[in-house]
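*Asks:* For reference, the file input_10.cif (mmCIF, C-alpha atoms) is included below:
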```cif
data_data
#
loop_
_atom_site.label_atom_id
_atom_site.label_comp_id
_atom_site.auth_asym_id
_atom_site.auth_seq_id
_atom_site.Cartn_x
_atom_site.Cartn_y
_atom_site.Cartn_z
CA MET A 120 0.00 0.00 0.00
CA ASN A 121 1.22 3.48 -0.88
CA LYS A 122 1.24 5.22 2.51
CA LYS A 123 1.38 8.75 1.13
CA VAL A 124 -1.68 8.09 -1.02
CA MET A 125 -3.32 6.39 1.94
CA TRP A 126 -2.91 9.42 4.22
CA TRP A 127 -4.10 11.83 1.53
CA SER A 128 -7.12 9.62 0.95
CA LEU A 129 -7.94 9.31 4.63
CA GLY A 130 -7.53 13.07 5.14
CA THR A 131 -9.64 13.94 2.12
CA GLY A 132 -12.32 11.47 3.14
CA ALA A 133 -12.40 12.85 6.69
CA VAL A 134 -12.81 16.43 5.45
CA VAL A 135 -15.49 15.43 2.92
CA GLY A 136 -17.40 13.51 5.59
CA ILE A 137 -17.24 16.38 8.09
CA LEU A 138 -18.17 19.02 5.49
CA ALA A 139 -21.12 16.94 4.31
CA ILE A 140 -22.52 16.79 7.84
CA VAL A 141 -21.86 20.50 8.45
CA LEU A 142 -23.54 21.48 5.17
CA THR A 143 -26.58 19.38 6.02
CA ALA A 144 -26.75 20.97 9.46
CA MET A 145 -26.60 24.39 7.78
CA GLY A 146 -29.41 23.72 5.33
CA ASN A 147 -28.52 21.20 2.61
CA PRO A 148 -30.99 18.29 2.15
CA ALA A 149 -30.86 15.31 4.50
CA ASN A 150 -28.07 12.82 3.78
CA MET A 151 -27.13 15.11 0.88
CA GLY A 152 -24.57 17.45 2.36
CA LEU A 153 -22.50 16.77 -0.73
CA CYS A 154 -23.63 14.91 -3.86
CA ALA A 155 -22.07 15.46 -7.26
CA ALA A 156 -24.99 14.01 -9.23
CA CYS A 157 -27.83 15.58 -7.24
CA PHE A 158 -26.13 18.97 -7.29
CA LEU A 159 -25.46 18.74 -11.04
CA ARG A 160 -29.14 17.88 -11.45
CA ASP A 161 -30.06 21.00 -9.42
CA LEU A 162 -27.69 23.07 -11.56
CA THR A 163 -29.32 21.65 -14.69
CA GLY A 164 -32.70 22.73 -13.38
CA ALA A 165 -31.43 26.20 -12.48
CA LEU A 166 -30.41 26.64 -16.12
CA GLY A 167 -33.93 25.68 -17.19
CA LEU A 168 -32.83 22.47 -18.88
CA HIS A 169 -35.46 20.55 -16.94
CA SER A 170 -38.64 21.79 -15.31
CA ALA A 171 -38.73 19.85 -12.04
CA GLU A 172 -39.38 22.91 -9.90
CA LYS A 173 -38.28 21.32 -6.64
CA VAL A 174 -34.71 20.65 -7.80
CA GLN A 175 -33.40 23.89 -9.28
CA TYR A 176 -30.42 25.65 -7.72
CA LEU A 177 -26.93 26.63 -8.87
CA ARG A 178 -25.20 24.63 -6.19
CA PRO A 179 -22.07 26.50 -5.09
CA GLU A 180 -20.43 23.24 -4.03
CA ILE A 181 -20.29 22.02 -7.64
CA ILE A 182 -18.78 25.30 -8.78
CA GLY A 183 -16.26 24.97 -5.96
CA PHE A 184 -15.27 21.44 -7.00
CA VAL A 185 -14.34 22.60 -10.50
CA LEU A 186 -12.71 25.88 -9.52
CA GLY A 187 -10.84 24.37 -6.56
CA ALA A 188 -9.26 21.77 -8.83
CA PHE A 189 -8.57 24.42 -11.46
CA LEU A 190 -6.85 26.82 -9.05
CA LEU A 191 -4.64 24.16 -7.46
CA SER A 192 -3.63 22.59 -10.77
CA PHE A 193 -2.97 26.00 -12.32
CA PHE A 194 -0.84 27.37 -9.51
CA THR A 195 1.12 24.13 -9.10
CA LYS A 196 1.76 24.14 -12.87
CA GLU A 197 0.06 20.75 -13.23
CA PHE A 198 -2.68 22.17 -15.44
CA LYS A 199 -2.18 20.06 -18.56
CA VAL A 200 -4.71 20.31 -21.36
CA LYS A 201 -5.44 17.00 -23.00
CA GLY A 202 -8.34 15.12 -24.52
CA GLY A 203 -9.63 13.58 -27.69
CA SER A 204 -10.06 10.08 -26.30
CA SER A 205 -13.46 9.14 -27.78
CA PRO A 206 -15.28 12.22 -26.42
CA LEU A 207 -18.69 11.31 -27.86
CA ILE A 208 -18.57 7.84 -26.35
CA ARG A 209 -17.66 9.40 -23.01
CA PHE A 210 -20.61 11.75 -23.44
CA ILE A 211 -23.06 8.88 -24.00
CA ILE A 212 -21.65 6.82 -21.13
CA SER A 213 -21.95 9.86 -18.84
CA VAL A 214 -25.60 10.35 -19.80
CA PHE A 215 -26.29 6.80 -18.66
CA MET A 216 -24.14 7.27 -15.55
CA MET A 217 -26.43 10.15 -14.58
CA PHE A 218 -29.52 8.02 -15.30
CA GLY A 219 -28.14 5.45 -12.85
CA THR A 220 -27.53 8.00 -10.11
CA LEU A 221 -31.00 9.53 -10.48
CA VAL A 222 -32.69 6.13 -10.36
CA PHE A 223 -30.74 5.30 -7.20
CA LEU A 224 -31.17 8.89 -5.92
CA GLY A 225 -27.56 9.78 -5.36
CA CYS A 226 -24.05 9.50 -6.69
CA PRO A 227 -21.58 7.12 -4.98
CA LEU A 228 -20.62 9.92 -2.59
CA ARG A 229 -24.22 10.30 -1.44
CA MET A 230 -24.47 6.52 -1.28
CA VAL A 231 -21.74 6.56 1.40
CA LEU A 232 -23.44 9.46 3.20
CA ARG A 233 -26.72 7.54 3.16
CA LEU A 234 -24.92 4.49 4.59
CA ALA A 235 -23.47 6.65 7.35
CA ALA A 236 -26.99 7.77 8.26
CA GLY A 237 -28.21 4.19 8.59
CA ASP A 238 -29.99 3.98 5.23
CA LEU A 239 -29.71 0.27 4.44
CA ASN A 240 -30.96 0.81 0.87
CA ALA A 241 -27.49 2.20 0.27
CA VAL A 242 -25.99 -1.18 1.22
CA VAL A 243 -27.87 -2.66 -1.74
CA GLY A 244 -26.58 0.20 -3.88
CA LEU A 245 -23.02 -0.38 -2.70
CA VAL A 246 -23.16 -4.06 -3.62
CA GLY A 247 -24.44 -3.07 -7.07
CA PHE A 248 -21.75 -0.38 -7.41
CA VAL A 249 -18.95 -2.86 -6.64
CA ALA A 250 -20.49 -5.43 -9.00
CA GLY A 251 -20.66 -2.82 -11.78
CA ILE A 252 -17.01 -1.89 -11.30
CA TYR A 253 -16.06 -5.57 -11.30
CA LEU A 254 -17.93 -6.02 -14.59
CA ALA A 255 -15.96 -3.13 -16.08
CA THR A 256 -12.65 -4.65 -14.97
CA ILE A 257 -13.47 -7.76 -17.01
CA PHE A 258 -13.57 -5.60 -20.14
CA LEU A 259 -10.44 -3.70 -19.05
CA LYS A 260 -8.61 -7.02 -18.77
CA LYS A 261 -9.87 -7.99 -22.21
CA GLY A 262 -8.35 -4.82 -23.70
CA PHE A 263 -11.04 -2.13 -23.42
CA THR A 264 -9.70 1.30 -24.27
CA LEU A 265 -11.14 4.57 -25.52
CA GLY A 266 -7.85 5.55 -27.10
CA LYS A 267 -5.02 7.90 -26.37
CA LYS A 268 -5.52 11.39 -24.96
CA GLU A 269 -3.65 14.00 -26.98
CA GLU A 270 -2.22 17.29 -25.82
CA GLN A 271 -4.51 20.14 -26.88
CA ALA A 272 -4.27 23.90 -27.21
CA PRO A 273 -4.36 25.52 -23.74
CA SER A 274 -7.57 27.41 -24.51
CA ASN A 275 -9.50 24.11 -24.51
CA GLY A 276 -8.67 23.55 -20.86
CA PHE A 277 -10.02 26.91 -19.76
CA VAL A 278 -13.51 26.31 -21.16
CA MET A 279 -14.94 24.41 -18.18
CA PRO A 280 -13.40 26.68 -15.51
CA ALA A 281 -14.77 29.66 -17.49
CA ILE A 282 -18.25 28.13 -17.67
CA PHE A 283 -18.31 27.45 -13.94
CA THR A 284 -16.97 30.94 -13.18
CA THR A 285 -19.86 32.31 -15.23
CA LEU A 286 -22.26 30.15 -13.23
CA LEU A 287 -20.76 31.62 -10.06
CA VAL A 288 -21.51 35.11 -11.38
CA PHE A 289 -25.10 34.00 -12.12
CA LEU A 290 -25.36 32.58 -8.61
CA VAL A 291 -24.28 35.87 -7.05
CA LEU A 292 -26.27 38.19 -9.35
CA ARG A 293 -29.34 35.92 -9.61
CA PRO A 294 -30.56 37.05 -13.03
CA ALA A 295 -34.23 36.34 -13.82
CA PHE A 296 -33.43 33.55 -16.29
CA ILE A 297 -31.80 31.41 -13.59
CA LYS A 298 -34.36 29.34 -11.69
CA PHE A 299 -34.29 28.84 -7.93
CA SER A 300 -36.58 26.33 -6.20
CA ALA A 301 -39.04 27.80 -3.72
CA GLU A 302 -39.59 24.43 -2.01
CA GLY A 303 -38.24 20.88 -1.99
CA PRO A 304 -34.61 19.69 -2.02
CA GLY A 305 -33.60 22.55 -4.32
CA ALA A 306 -34.68 25.04 -1.68
CA ALA A 307 -32.77 23.25 1.08
CA VAL A 308 -29.48 25.08 0.86
CA ALA A 309 -26.52 25.91 3.05
CA PRO A 310 -25.40 29.59 3.06
CA MET A 311 -23.93 30.34 -0.36
CA TRP A 312 -20.43 31.45 0.62
CA ILE A 313 -19.99 28.61 3.10
CA ALA A 314 -21.15 26.10 0.47
CA LEU A 315 -18.75 27.63 -2.05
CA ALA A 316 -15.87 27.48 0.41
CA ALA A 317 -16.68 23.85 1.18
CA GLY A 318 -16.75 23.06 -2.53
CA LEU A 319 -13.39 24.76 -3.07
CA ILE A 320 -11.83 22.81 -0.18
CA VAL A 321 -13.18 19.53 -1.54
CA GLY A 322 -12.06 20.47 -5.05
CA VAL A 323 -8.51 21.13 -3.87
CA LEU A 324 -8.27 17.99 -1.73
CA ALA A 325 -9.99 15.72 -4.25
CA TYR A 326 -7.59 16.92 -6.94
CA LYS A 327 -4.54 16.41 -4.74
CA ALA A 328 -5.67 12.99 -3.48
CA ARG A 329 -7.03 11.86 -6.87
CA PHE A 330 -10.24 11.07 -5.01
CA CYS A 331 -12.57 8.82 -6.98
CA THR A 332 -15.19 6.50 -5.54
CA SER A 333 -15.10 4.08 -8.46
CA GLY A 334 -11.35 4.44 -8.99
CA GLY A 335 -10.59 3.43 -5.40
CA ILE A 336 -12.57 0.21 -5.74
CA ARG A 337 -11.17 -0.44 -9.23
CA ASP A 338 -7.64 -0.05 -7.81
CA PHE A 339 -8.41 -2.59 -5.12
CA ILE A 340 -9.83 -5.09 -7.60
CA LEU A 341 -6.97 -4.74 -10.08
CA THR A 342 -3.94 -4.05 -7.86
CA LYS A 343 -5.10 -5.07 -4.35
CA ASP A 344 -4.05 -1.57 -3.22
CA PRO A 345 -6.75 -0.18 -0.91
CA SER A 346 -5.13 3.24 -0.41
CA ARG A 347 -7.50 5.34 -2.56
CA MET A 348 -10.52 3.32 -1.47
CA LEU A 349 -9.85 4.39 2.11
CA ALA A 350 -11.26 7.82 1.29
CA MET A 351 -14.73 6.26 1.17
CA VAL A 352 -14.10 4.52 4.49
CA ALA A 353 -13.08 7.83 6.06
CA ILE A 354 -16.16 9.59 4.66
CA PHE A 355 -18.32 6.86 6.17
CA VAL A 356 -16.65 6.97 9.59
CA PHE A 357 -16.63 10.75 9.96
CA ALA A 358 -20.16 11.18 8.58
CA LEU A 359 -21.35 8.40 10.89
CA ILE A 360 -19.83 10.15 13.91
CA GLY A 361 -21.41 13.42 12.78
CA ASN A 362 -24.81 11.81 12.31
CA LEU A 363 -24.63 10.26 15.78
CA ILE A 364 -23.71 13.64 17.28
CA PHE A 365 -26.55 15.43 15.46
CA ASN A 366 -28.96 12.56 16.14
CA ASN A 367 -29.44 11.92 12.41
CA PHE A 368 -28.76 8.17 12.49
CA ASN A 369 -31.80 6.04 11.62
CA LEU A 370 -31.02 2.40 10.82
CA GLY A 371 -33.38 0.69 8.38
CA PHE A 372 -34.81 0.55 4.89
CA GLU A 373 -38.07 2.42 5.36
CA GLY A 374 -38.62 6.14 5.75
CA GLN A 375 -35.13 7.21 4.72
CA PRO A 376 -34.76 10.77 3.36
CA ILE A 377 -34.86 11.07 -0.43
CA ALA A 378 -34.54 7.30 -0.96
CA HIS A 379 -36.72 4.43 -2.16
CA THR A 380 -36.78 0.80 -1.07
CA ASP A 381 -36.81 -0.94 -4.45
CA HIS A 382 -33.85 -3.27 -3.94
CA LEU A 383 -33.61 -4.54 -7.51
CA TRP A 384 -33.37 -1.04 -8.96
CA ASN A 385 -31.11 0.23 -6.18
CA PHE A 386 -28.75 -2.62 -7.09
CA LEU A 387 -28.99 -2.24 -10.86
CA SER A 388 -28.86 1.55 -10.95
CA MET A 389 -25.71 1.73 -8.86
CA GLY A 390 -24.38 -1.22 -10.86
CA LEU A 391 -24.75 0.95 -13.95
CA VAL A 392 -22.99 3.83 -12.22
CA GLY A 393 -20.06 1.61 -11.23
CA TYR A 394 -19.89 0.02 -14.68
CA THR A 395 -19.88 3.34 -16.56
CA ALA A 396 -17.62 5.15 -14.10
CA ALA A 397 -14.96 2.44 -14.19
CA LEU A 398 -14.96 2.39 -18.00
CA ILE A 399 -14.42 6.15 -18.34
CA SER A 400 -12.12 6.28 -15.30
CA GLY A 401 -14.13 8.47 -13.03
CA CYS A 402 -17.26 8.84 -10.96
CA PRO A 403 -19.21 12.12 -11.25
CA ILE A 404 -17.07 14.03 -8.73
CA ARG A 405 -13.85 12.81 -10.35
CA GLN A 406 -15.11 13.98 -13.76
CA LEU A 407 -15.76 17.45 -12.29
CA ILE A 408 -12.28 17.57 -10.74
CA LEU A 409 -10.58 16.45 -13.96
CA ALA A 410 -12.66 18.90 -16.00
CA GLY A 411 -11.34 21.69 -13.80
CA SER A 412 -7.75 20.60 -14.25
CA GLY A 413 -7.56 20.61 -18.03
CA ASP A 414 -8.96 17.23 -19.07
CA THR A 415 -11.36 18.11 -21.88
CA ASP A 416 -12.66 14.53 -22.12
CA SER A 417 -13.91 14.94 -18.57
CA GLY A 418 -15.35 18.30 -19.60
CA VAL A 419 -17.40 16.44 -22.20
CA ALA A 420 -18.34 13.88 -19.53
CA VAL A 421 -19.62 16.68 -17.27
CA ILE A 422 -21.75 17.99 -20.14
CA GLY A 423 -23.00 14.42 -20.59
CA LEU A 424 -23.93 14.30 -16.89
CA ILE A 425 -25.83 17.59 -17.25
CA VAL A 426 -27.67 16.39 -20.36
CA GLY A 427 -28.38 13.11 -18.56
CA ALA A 428 -29.91 15.03 -15.64
CA ALA A 429 -32.10 17.04 -18.01
CA LEU A 430 -33.29 13.94 -19.87
CA ALA A 431 -33.85 12.03 -16.62
CA HIS A 432 -36.38 14.60 -15.45
CA ASN A 433 -37.86 15.48 -18.85
CA PHE A 434 -38.42 11.81 -19.77
CA GLY A 435 -39.68 10.65 -16.37
CA ILE A 436 -36.61 8.51 -15.68
CA ALA A 437 -35.62 9.90 -12.27
CA ALA A 438 -36.88 7.98 -9.24
CA SER A 439 -38.59 9.49 -6.22
CA PRO A 440 -39.15 8.23 -2.67
CA ASP A 441 -42.27 6.55 -4.12
CA GLY A 442 -40.13 4.27 -6.30
CA VAL A 443 -38.66 3.89 -9.76
CA PRO A 444 -40.90 4.76 -12.72
CA LEU A 445 -41.08 2.39 -15.70
CA ASN A 446 -39.05 4.81 -17.81
CA GLY A 447 -36.33 4.74 -15.17
CA GLN A 448 -36.24 0.95 -15.26
CA ILE A 449 -36.05 0.95 -19.06
CA ALA A 450 -33.29 3.59 -19.00
CA VAL A 451 -31.14 1.49 -16.66
CA VAL A 452 -31.55 -1.64 -18.81
CA VAL A 453 -30.81 0.33 -21.99
CA GLY A 454 -27.80 1.82 -20.17
CA PHE A 455 -26.38 -1.64 -19.53
CA ILE A 456 -26.99 -2.68 -23.14
CA VAL A 457 -25.46 0.45 -24.69
CA THR A 458 -22.49 0.45 -22.31
CA THR A 459 -21.82 -3.21 -23.05
CA ILE A 460 -21.99 -2.59 -26.81
CA ILE A 461 -19.48 0.24 -26.33
CA ALA A 462 -17.27 -1.99 -24.17
CA VAL A 463 -17.31 -4.87 -26.66
CA THR A 464 -16.71 -2.68 -29.69
CA ASN A 465 -13.75 -0.91 -28.09
CA LEU A 466 -11.65 -3.93 -27.22
CA LYS A 467 -8.14 -3.56 -28.52
CA LYS A 468 -6.84 -6.67 -30.25
CA GLN A 469 -4.17 -8.03 -27.93
CA GLY A 470 -1.02 -9.64 -29.32
CA MET B 172 12.22 -2.87 -9.34
CA ASN B 173 14.32 -0.86 -11.78
CA PHE B 174 11.92 0.36 -14.48
CA LEU B 175 8.54 2.01 -14.48
CA SER B 176 6.35 2.11 -17.59
CA THR B 177 3.39 4.42 -18.07
CA PHE B 178 0.54 3.92 -20.54
CA TYR B 179 -2.31 5.58 -22.35
CA SER B 180 -4.82 2.99 -21.18
CA VAL B 181 -5.50 0.75 -18.21
CA SER B 182 -5.78 -2.31 -20.45
CA ASP B 183 -2.22 -1.87 -21.76
CA ALA B 184 -0.89 -1.72 -18.19
CA LEU B 185 -2.77 -4.90 -17.32
CA LEU B 186 -1.45 -6.65 -20.42
CA LEU B 187 2.20 -5.68 -19.88
CA GLU B 188 2.07 -6.90 -16.28
CA LYS B 189 0.65 -10.21 -17.51
CA VAL B 190 3.13 -10.63 -20.37
CA LEU B 191 6.14 -9.80 -18.18
CA GLY B 192 4.89 -12.34 -15.63
CA GLU B 193 4.71 -15.00 -18.33
CA LYS B 194 8.33 -14.23 -19.20
CA ALA B 195 9.34 -14.58 -15.52
CA ILE B 196 10.25 -10.89 -15.35
CA PRO B 197 9.02 -9.59 -11.97
CA ALA B 198 6.40 -6.90 -12.57
CA LYS B 199 3.73 -5.14 -10.56
CA MET B 200 0.97 -2.79 -11.64
CA ILE B 201 0.65 0.29 -9.42
CA GLN B 202 -1.11 3.65 -9.54
CA VAL B 203 0.78 6.22 -11.60
CA PRO B 204 3.07 7.91 -9.04
CA ARG B 205 1.82 11.41 -8.21
CA ALA B 206 5.20 12.81 -9.28
CA LEU B 207 4.53 11.65 -12.85
CA GLY B 208 0.97 12.77 -13.28
CA THR B 209 -2.39 13.55 -11.83
CA SER B 210 -4.37 10.88 -13.66
CA CYS B 211 -5.77 7.85 -11.88
CA GLY B 212 -4.24 5.48 -14.39
CA TYR B 213 -1.74 2.71 -13.81
CA ALA B 214 1.97 2.14 -14.31
CA VAL B 215 3.97 -1.07 -14.26
CA GLU B 216 7.11 -1.49 -12.17
CA SER B 217 9.39 -4.20 -13.47
CA ARG B 218 12.82 -5.78 -13.26
CA ALA B 219 13.38 -5.69 -17.02
CA SER B 220 16.99 -5.56 -18.11
CA SER B 221 16.55 -2.41 -20.17
CA SER B 222 14.07 0.03 -21.59
CA GLU B 223 14.72 -1.51 -25.01
CA GLU B 224 13.68 -4.93 -23.74
CA LEU B 225 10.42 -3.44 -22.47
CA MET B 226 9.76 -1.72 -25.79
CA GLN B 227 10.45 -4.93 -27.73
CA ILE B 228 8.09 -6.96 -25.54
CA ALA B 229 5.46 -4.23 -25.81
CA ALA B 230 5.75 -4.07 -29.59
CA ALA B 231 5.45 -7.83 -29.90
CA HIS B 232 2.17 -7.73 -27.97
CA LYS B 233 0.79 -4.49 -29.44
CA ILE B 234 1.08 -2.68 -26.12
CA ASP B 235 1.37 1.12 -26.29
CA ILE B 236 3.85 2.30 -23.68
CA ASP B 237 3.79 6.05 -23.12
CA LYS B 238 7.17 6.35 -21.37
CA ASN B 239 9.69 4.23 -19.54
CA TYR B 240 11.51 5.54 -16.49
CA ARG B 241 14.50 4.20 -14.60
CA ILE B 242 13.70 4.07 -10.89
CA ILE B 243 16.43 5.54 -8.72
CA GLY B 244 16.22 4.95 -4.97
CA SER B 245 13.42 3.32 -3.06
CA GLY B 246 11.00 4.06 -0.26
CA THR B 247 8.23 6.63 -0.53
CA GLU B 248 10.04 9.14 -2.76
CA PRO B 249 12.03 7.33 -5.48
CA GLU B 250 13.28 9.34 -8.44
CA PHE B 251 12.05 8.58 -11.95
CA ILE B 252 14.52 9.28 -14.76
CA PRO B 253 12.94 9.20 -18.24
CA CYS B 254 14.57 6.73 -20.61
CA SER B 255 15.53 8.07 -23.99
#
```
In C-alpha cells, what does this structure look like?

*Replies:*
Amino acid sequence: MNKKVMWWSLGTGAVVGILAIVLTAMGNPANMGLCAACFLRDLTGALGLHSAEKVQYLRPEIIGFVLGAFLLSFFTKEFKVKGGSSPLIRFIISVFMMFGTLVFLGCPLRMVLRLAAGDLNAVVGLVGFVAGIYLATIFLKKGFTLGKKEEQAPSNGFVMPAIFTTLLVFLVLRPAFIKFSAEGPGAAVAPMWIALAAGLIVGVLAYKARFCTSGGIRDFILTKDPSRMLAMVAIFVFALIGNLIFNNFNLGFEGQPIAHTDHLWNFLSMGLVGYTAALISGCPIRQLILAGSGDTDSGVAVIGLIVGAALAHNFGIAASPDGVPLNGQIAVVVGFIVTTIIAVTNLKKQG
Amino acid sequence: MNFLSTFYSVSDALLLEKVLGEKAIPAKMIQVPRALGTSCGYAVESRASSSEELMQIAAAHKIDIDKNYRIIGSGTEPEFIPCS
C-alpha cells in the first residue's frame, strides 16, 4: 500500500465527511450534504434544462469542486490540457451514468453518506456499485480502451473553468433567467459562501488525493491496493460520527430521506454507475475535478452528466421516494446494453 | 524494481504486467506515481533488463507504452529518470 496516497485519501475522506454533515446541518438536504450528481441535477434545473421545480439551484459546491481543482492545478503548474479520447462515447456513457444516479437517488458519494446515516438501501446500492465496477474490470482485462488522450491547445482547458466561473456570477447576481426552487430539495441550501468554500476545499483535496469513488474500488480489484478506497471509508466513519452527534442516524430501509426501497433497482442503478464510471475512469465528482484541471474529455463527460440530468427529469426517468418509474427501469436496462456494446466494440486486439 | 512504464490505457498496463509475468520478469501494476501525473491510471514497475527490452516486448504484444523511467532509490520518494 502506498502510505502517502493512503494518508491523503484518509484526510480527504475525513474532510469530505465532516463538510457533508456541516452542510446538512446548515441547510442542505438530508443525507445530501455533498452529492455530485444531485447537485449537477439541481444546476441543470437552475439553467432551465429541466422543469422539475423542486430541484433547481446553482449549487455552489459544484462550482467549488471545478474551480478548486482548477486553481490548485494551475498554480502548481500541473494544469495540462489534453483530450480527444473518444469524447462522444464518453458523453453517451456519462448520460447513462447520470440516469443510474438519479434512479438510485444519489451518486456514490451520497451513497456513502446515506450508509453513514443508517440507510440500508445504500448497502444494496453499494453491492451493485462494486459489481458494476467488477464487470468493467473484465472488459479492461480484455483490452477495453477509448484511445489515447492527446495534448490540446491551452484554450480548450479553460472552457470548463470559465463556464463554472460564469455560473458563479449568475449565482451571485441571480438574473431572472436562472431558476431557484421555492420548495423541496432545491430550496434546502446551506449559506452560499460557506457552500462555495466547502466546494473549493473539496475540489482542492480531491484533486490532490485523486479522489474517486469508483477508482478506489477499481484499484483494489486490479492491484489489491486499498489506499484510494480508504477515502470512502473515512467519509463513512466521519459522517457516521457526525450523524450520531446530530442525532441523524436512523437504521433501516423504510422512511429514509430522499430514498426508495426498491432493492432490484437500487442494485442495478448503482451497478450501472459503477460500470460506466470504471470504463471512463471516473465517478461524477472525479469527472468534475478532472474537467477543472484541463482534461477536456472529462469536460465532455460533465456535459453528458448535465444532459443526462435534463433527460432524466424530462423523460420521467428519475426515481422518487415513491419508487422507480417504468421509464427509469427501461433507462437502466438500456444503459447496460449500450455500455456493453461500447465496451465490446472498443476492445483492442491483444497480441 | 528498476523500471517504471506508463501507458495511455488501463488495459495496456494490465497486459504488460501479464506478459512480463509470463516471461518470468518480476512486474507489478501500481497507480501512476503522483510525481509523474495527476491521472488515476496505472503504471507497471518491473525488473526488465533495459528500456529496449520493455519496448520490444510491448511491440510484440501491441502494447502502447507512453514512457519508460529508470527508478532511482526506493521508499516513498524514489526518483524517476525518463529513458531516452

*Asks:* For each of B:Ala198, B:Ala229, B:Ile234, B:Ser182, take the minimum atom-to-atom distance to Glu216 of chain B, counting only C-alpha atoms, then give the residue where this is smallest.

*Replies:* B:Ala198

*Asks:* Hey, which of A:Lys261, A:Lys298, A:Lys196, A:Arg209 ends up closest to chain B? Count only C-alpha atoms.

*Replies:*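 Smallest distance to chain B is found for A:Lys261.
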
*Asks:* At a cut-off of 10 Å, which residues of chain B touch chain A? Count all atoms listed in the file and give the answer as a PyMOL selection string.

*Replies:* chain B and resi 178-186+189-190+199-202+204-205+208-213+229-235+237+246-248

*Asks:* Could you tell me how far atom CA of Ile313 of chain A lies from atom CA of Thr415 of chain A, in Å and to one decimal?

*Replies:*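 That distance, rounded to one decimal, is 28.4 Å.
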
*Asks:* Atom CA of Gly305 of chain A to atom CA of Lys173 of chain A: how many Å, to one decimal?

*Replies:* 5.4 Å

*Asks:* Running the PyMOL selection byres ((chain B and resi 225) around 12) on this model by hand, what would come out? Give it as a VMD selection string.

*Replies:* chain B and resid 173 to 177 187 to 188 190 to 191 194 196 198 215 to 224 226 to 241 254

*Asks:* What is the atom CA of Pro253 of chain B to atom CA of Ala206 of chain B distance in Å?

*Replies:*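 Pair atom CA of Pro253 of chain B / atom CA of Ala206 of chain B returns 12.4 Å.
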
*Asks:* Within 10 Å of (-30.1, -2.9, -4.4) (coordinates as in the file), grab all the protein and nucleic acid residues, counting all atoms listed in the file, and write them out as a ChimeraX atom specification.

*Replies:* /A:223,239-248,380-390

*Asks:* Nearest to Ala410 of chain A: which of A:Leu186, A:Leu315, A:Ala236, A:Ala133 is it, counting all atoms listed in the file?

*Replies:*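 Of A:Leu186, A:Leu315, A:Ala236, A:Ala133, the one nearest Ala410 of chain A is A:Leu186, counting all atoms listed in the file.
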
*Asks:* Considering all atoms listed in the file, can you say which of A:Thr395, A:Thr332, A:Thr131, A:Asn147 comes closest to Ile461 of chain A?

*Replies:*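 Ranked by minimum distance to Ile461 of chain A, first place goes to A:Thr395.
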
*Asks:* Evaluate the PyMOL selection byres ((chain A and resi 132) around 12) on the structure here and hand back the selected residues as JSON, numbers by chain.

*Replies:* {"A": [124, 125, 126, 127, 128, 129, 130, 131, 133, 134, 135, 136, 137, 138, 139, 228, 231, 232, 320, 321, 324, 325, 328, 329, 330, 331, 332, 335, 346, 347, 348, 349, 350, 351, 352, 353, 354, 355, 356, 357, 358]}

*Asks:* Tell me which protein, DNA and RNA residues are within 12 Å of segment 170-172 of chain A, counting all atoms listed in the file, leaving out same-chain ones fewer than 2 positions away, and put them as a PyMOL selection string.

*Replies:* chain A and resi 160-168+174-176+297-306+428-435+437+439

*Asks:* Measuring atom to atom with all atoms listed in the file, identify which of A:Val451, A:Ile456, A:Leu142, A:Ala250 is nearest to Ile336 of chain A.

*Replies:* A:Ala250

*Asks:* Is it possible to add N, CA, C and O atoms to segment 186-194 of chain B and hand it back as a compact mmCIF listing (two decimals), in the frame of the given file?

*Replies:*
```
# COMPACT_ATOMS: atom_id res chain seq x y z
N LEU B 186 -2.02 -5.68 -19.50
CA LEU B 186 -1.45 -6.65 -20.42
C LEU B 186 0.06 -6.75 -20.24
O LEU B 186 0.62 -7.87 -20.24
N LEU B 187 0.74 -5.61 -20.05
CA LEU B 187 2.20 -5.68 -19.88
C LEU B 187 2.54 -6.44 -18.59
O LEU B 187 3.47 -7.27 -18.59
N GLU B 188 1.80 -6.18 -17.53
CA GLU B 188 2.07 -6.90 -16.28
C GLU B 188 1.93 -8.41 -16.50
O GLU B 188 2.76 -9.20 -16.07
N LYS B 189 0.90 -8.78 -17.25
CA LYS B 189 0.65 -10.21 -17.51
C LYS B 189 1.76 -10.82 -18.37
O LYS B 189 2.31 -11.89 -18.06
N VAL B 190 2.12 -10.10 -19.44
CA VAL B 190 3.13 -10.63 -20.37
C VAL B 190 4.49 -10.75 -19.67
O VAL B 190 5.20 -11.75 -19.84
N LEU B 191 4.86 -9.74 -18.89
CA LEU B 191 6.14 -9.80 -18.18
C LEU B 191 6.13 -10.98 -17.20
O LEU B 191 7.13 -11.69 -17.06
N GLY B 192 5.01 -11.20 -16.55
CA GLY B 192 4.89 -12.34 -15.63
C GLY B 192 5.11 -13.66 -16.34
O GLY B 192 5.79 -14.55 -15.84
N GLU B 193 4.55 -13.76 -17.55
CA GLU B 193 4.71 -15.00 -18.33
C GLU B 193 6.16 -15.22 -18.73
O GLU B 193 6.59 -16.35 -18.93
N LYS B 194 6.91 -14.11 -18.84
CA LYS B 194 8.33 -14.23 -19.20
C LYS B 194 9.23 -14.29 -17.95
O LYS B 194 10.44 -14.11 -18.05
```
